[in-house]
>>> print(open('start.txt').read())   # compact mmCIF, C-alpha atoms
# COMPACT_ATOMS: atom_id res chain seq x y z
CA PHE E 195 0.00 0.00 0.00
CA PHE E 196 2.67 2.51 1.02
CA ARG E 197 4.45 2.10 -2.34
CA SER E 198 1.28 3.08 -4.22
CA PRO E 199 0.65 6.72 -5.20
CA LEU E 200 -1.94 7.01 -2.41
CA GLY E 201 0.39 5.36 0.10
CA ARG E 202 3.12 7.86 -0.76
CA LYS E 203 0.58 10.68 -0.37
CA VAL E 204 -0.39 9.35 3.09
CA VAL E 205 3.26 9.19 4.15
CA ALA E 206 3.88 12.70 2.79
CA ALA E 207 0.92 14.02 4.82
CA GLU E 208 2.26 12.37 7.97
CA LEU E 209 5.78 13.67 7.40
CA LYS E 210 4.44 17.18 6.74
CA ALA E 211 2.42 17.11 9.97
CA THR E 212 5.50 16.19 12.00
CA ARG E 213 7.92 18.72 10.50
CA LYS E 214 9.53 21.07 13.00
CA ASP E 215 7.80 24.16 11.57
CA GLU E 216 4.38 22.44 11.64
CA LEU E 217 4.89 21.29 15.22
CA ALA E 218 5.92 24.80 16.26
CA ARG E 219 2.93 26.35 14.48
CA ASN E 220 0.54 23.98 16.26
CA ALA E 221 2.23 23.91 19.66
CA LYS E 222 -0.89 25.30 21.34
CA GLY E 223 -3.19 22.86 19.59
CA LEU E 224 -4.53 22.08 16.16
CA PRO E 225 -7.21 24.21 14.56
CA LYS E 226 -10.69 22.71 14.71
CA ILE E 227 -11.30 21.13 11.32
CA GLN E 228 -14.79 21.30 9.83
CA ALA E 229 -15.77 18.26 7.78
CA SER E 230 -18.79 16.73 6.11
CA ASP E 231 -20.67 13.92 7.82
CA ASP E 232 -19.27 11.48 5.25
CA ARG E 233 -15.68 12.55 5.96
CA LEU E 234 -16.28 12.36 9.72
CA LEU E 235 -17.55 8.79 9.28
CA ILE E 236 -14.46 7.80 7.29
CA ILE E 237 -12.19 9.45 9.88
CA GLY E 238 -14.00 7.54 12.63
CA HIS E 239 -13.21 4.26 10.87
CA LEU E 240 -9.60 5.32 10.43
CA ALA E 241 -9.33 6.35 14.09
CA GLN E 242 -10.51 2.88 15.12
CA ALA E 243 -8.11 1.12 12.73
CA LEU E 244 -4.92 3.05 13.50
CA PRO E 245 -3.13 2.35 16.80
CA ALA E 246 -2.54 6.08 17.37
CA ARG E 247 -3.86 6.03 20.95
CA GLU E 248 -1.65 3.12 21.89
CA ALA E 249 1.48 4.47 20.17
CA GLY E 250 0.99 7.93 21.67
CA ALA E 251 0.56 6.48 25.14
CA GLU E 252 3.68 4.33 24.74
CA VAL E 253 5.79 7.33 23.73
CA SER E 254 4.44 9.42 26.62
CA LEU E 255 5.02 6.61 29.10
CA ALA E 256 8.55 6.04 27.83
CA ILE E 257 9.38 9.71 28.38
CA ALA E 258 7.80 9.61 31.84
CA GLY E 259 9.73 6.42 32.59
CA VAL E 260 13.04 8.07 31.74
CA ALA E 261 12.14 10.99 34.01
CA ALA E 262 11.14 8.63 36.84
CA ASP E 263 14.36 6.62 36.45
CA SER E 264 16.42 9.82 36.53
CA LEU E 265 14.63 11.08 39.62
CA SER E 266 14.98 7.70 41.29
CA SER E 267 18.72 7.65 40.63
CA MET E 268 19.08 11.16 42.11
CA ILE E 269 17.01 10.23 45.17
CA PRO E 270 17.64 6.53 45.86
CA GLY E 271 14.69 4.72 47.34
CA LEU E 272 12.13 7.24 46.07
CA PHE E 273 10.39 4.62 43.96
CA GLY E 274 10.80 1.16 45.39
CA GLY E 275 9.72 -2.29 44.31
CA GLY E 276 8.45 -1.38 40.85
CA GLN E 277 6.42 1.54 42.19
CA ALA E 278 7.42 3.82 39.30
CA GLN E 279 6.40 1.21 36.72
CA ASN E 280 3.08 0.64 38.49
CA LEU E 281 2.41 4.39 38.41
CA LEU E 282 3.22 4.54 34.71
CA ASP E 283 1.09 1.50 33.89
CA GLY E 284 -1.84 3.12 35.68
CA GLN E 285 -1.54 6.12 33.38
CA ARG E 286 -1.73 4.11 30.12
CA GLN E 287 -5.54 4.02 29.88
CA ARG E 288 -5.86 7.65 30.95
CA LEU E 289 -3.38 8.74 28.28
CA MET E 290 -5.12 6.67 25.61
CA GLY E 291 -8.40 8.33 26.56
CA GLN E 292 -6.89 11.80 26.33
CA ILE E 293 -5.34 11.05 22.95
CA GLY E 294 -8.62 9.59 21.73
CA GLU E 295 -10.58 12.71 22.67
CA ASP E 296 -8.95 14.73 19.91
CA LEU E 297 -7.91 11.92 17.56
CA ASN E 298 -10.58 12.56 14.92
CA ASN E 299 -9.62 16.23 14.63
CA THR E 300 -5.93 15.29 14.51
CA LEU E 301 -6.56 12.83 11.68
CA LEU E 302 -8.72 15.38 9.86
CA TYR E 303 -5.83 17.84 10.10
CA VAL E 304 -3.06 15.43 9.11
CA TYR E 305 -4.95 14.02 6.13
CA ARG E 306 -6.64 17.29 5.13
CA ASP E 307 -5.15 17.19 1.62
CA LEU E 308 -6.58 13.73 0.84
CA SER E 309 -9.90 13.57 -0.96
CA ASP E 310 -12.78 11.67 0.61
CA ALA E 311 -12.19 8.85 -1.88
CA GLU E 312 -8.49 8.69 -0.97
CA LEU E 313 -9.29 8.78 2.73
CA GLU E 314 -11.82 5.97 2.23
CA GLU E 315 -9.22 3.87 0.39
CA PHE E 316 -6.71 4.47 3.19
CA ALA E 317 -9.27 3.50 5.84
CA THR E 318 -10.14 0.37 3.87
CA PHE E 319 -6.45 -0.60 3.82
CA ALA E 320 -6.05 0.14 7.54
CA GLU E 321 -9.07 -2.06 8.34
CA SER E 322 -7.95 -4.90 6.03
CA PRO E 323 -6.03 -7.96 7.29
CA ASP E 324 -2.83 -6.60 5.68
CA GLY E 325 -3.40 -3.17 7.20
CA LYS E 326 -4.10 -4.61 10.64
CA ALA E 327 -0.96 -6.75 10.43
CA TYR E 328 1.10 -3.74 9.36
CA TYR E 329 -0.15 -1.49 12.14
CA GLN E 330 0.22 -4.20 14.81
CA ALA E 331 3.81 -4.73 13.67
CA ALA E 332 4.40 -0.97 13.67
CA LEU E 333 3.05 -0.69 17.22
CA ALA E 334 5.23 -3.62 18.33
CA ALA E 335 8.24 -1.89 16.76
CA VAL E 336 7.43 1.35 18.62
CA ARG E 337 7.17 -0.56 21.89
CA ALA E 338 10.41 -2.44 21.24
CA GLY E 339 12.22 0.74 20.22
CA LEU E 340 11.11 2.50 23.38
CA ALA E 341 12.05 -0.44 25.58
CA VAL E 342 15.82 -0.15 25.15
CA GLY E 343 17.43 -1.39 28.34
CA GLN E 344 14.37 -3.31 29.54
CA SER E 345 14.30 -7.08 29.70
CA SER E 346 12.00 -8.82 27.24
CA SER E 347 9.83 -10.00 30.13
CA ASP E 348 9.03 -6.33 30.88
CA LEU E 349 7.60 -5.68 27.42
CA LYS E 350 3.82 -5.59 27.09
>>> encode(input="start.txt", output="structure tokens")
Amino acid sequence: FFRSPLGRKVVAAELKATRKDELARNAKGLPKIQASDDRLLIIGHLAQALPAREAGAEVSLAIAGVAADSLSSMIPGLFGGGQAQNLLDGQRQRLMGQIGEDLNNTLLYVYRDLSDAELEEFATFAESPDGKAYYQAALAAVRAGLAVGQSSSDLK
């Protein structure tokens, strides 16, 4: 899919949305995107198919974990017996909920240059067996990449 013209357009939209200048411009939040009911329905399907909530939560938790480890090394005994990890794990669902609250608008913004037909084709891919396999592998890669220094038994 990602080698097709539409796949390359999807990747270009994602890369554009994560450029330094775009991130700086939207540091205080994305503009509210108005969309037709049809486009909102397609975006809803895409939001369900993409593991954006999970990946966002993993990145946030990894950053928080580094901060907790640093604090714990400065103040030995601050977090004992896996306490820091338990605190982070308890935040996973909360973070996923927060990310999910604005996910549709985020996807509308990121993919704003795709037509409804292109967006529908992308959502169809994301919901397909190949798309699901791709995104599950991508999420596993994110988790593995963020777990540097952890034992494999710690990975979830």
>>> closest_atom_pairs(input="start.txt", of="segment 283-337 of chain E", to="segment 221-235 of chain E", cutoff="10 Å", atoms="all atoms listed in the file", output="Markdown table")
| residue | atom | partner | partner_atom | distance |
| --- | --- | --- | --- | --- |
| E:Asp296 | CA | E:Leu224 | CA | 9.4 |
| E:Asn298 | CA | E:Leu234 | CA | 7.7 |
| E:Asn299 | CA | E:Ile227 | CA | 6.1 |
| E:Thr300 | CA | E:Leu224 | CA | 7.1 |
| E:Leu301 | CA | E:Ile227 | CA | 9.6 |
| E:Leu302 | CA | E:Ile227 | CA | 6.5 |
| E:Tyr303 | CA | E:Ile227 | CA | 6.5 |
| E:Val304 | CA | E:Leu224 | CA | 9.8 |
| E:Arg306 | CA | E:Ile227 | CA | 8.6 |
| E:Ser309 | CA | E:Arg233 | CA | 9.1 |
| E:Asp310 | CA | E:Arg233 | CA | 6.1 |
| E:Ala311 | CA | E:Arg233 | CA | 9.3 |
| E:Leu313 | CA | E:Arg233 | CA | 8.1 |
| E:Glu314 | CA | E:Arg233 | CA | 8.5 |
>>> residues_around(input="start.txt", residues="Lys210 of chain E", least_positions_apart="6", cutoff="10 Å", atoms="only C-alpha atoms", output="list in words")
Val204, Glu216, Leu217, Val304 and Tyr305 of chain E
>>> closest_residue(input="start.txt", among="E:Ala251, E:Ala246, E:Leu200, E:Ala206", to="Ala332 of chain E", atoms="all atoms listed in the file")
E:Ala246
>>> closest_residue(input="start.txt", among="E:Ile269, E:Leu333, E:Leu240, E:Gln287", to="Leu255 of chain E", atoms="only C-alpha atoms")
E:Gln287
>>> residues_around(input="start.txt", residues="Ala327 of chain E", least_positions_apart="6", cutoff="12 Å", atoms="all atoms listed in the file", output="list in words")
Ala243, Leu244, Pro245, Phe319, Ala320, Glu321, Leu333 and Ala334 of chain E
>>> closest_residue(input="start.txt", among="E:Thr318, E:Ser198, E:Gln292, E:Asn220", to="Arg247 of chain E", atoms="all atoms listed in the file")
E:Gln292
>>> axis_aligned_box(input="start.txt", around="segment 254-259 of chain E", padding_each_side="5 Å", output="lines of an AutoDock Vina configuration file")
center_x = 7.1
center_y = 7.9
center_z = 29.6
size_x = 15.3
size_y = 13.7
size_z = 16.0
>>> closest_residue(input="start.txt", among="E:Ala256, E:Thr212, E:Arg286, E:Ala207", to="Gly339 of chain E", atoms="all atoms listed in the file")
E:Ala256
>>> closest_residue(input="start.txt", among="E:Ile257, E:Ala241, E:Met268, E:Ala331", to="Phe316 of chain E", atoms="only C-alpha atoms")
E:Ala241
>>> atom_distance(input="start.txt", atom1="atom CA of Gly238 of chain E", atom2="atom CA of Leu297 of chain E")
9.0 Å
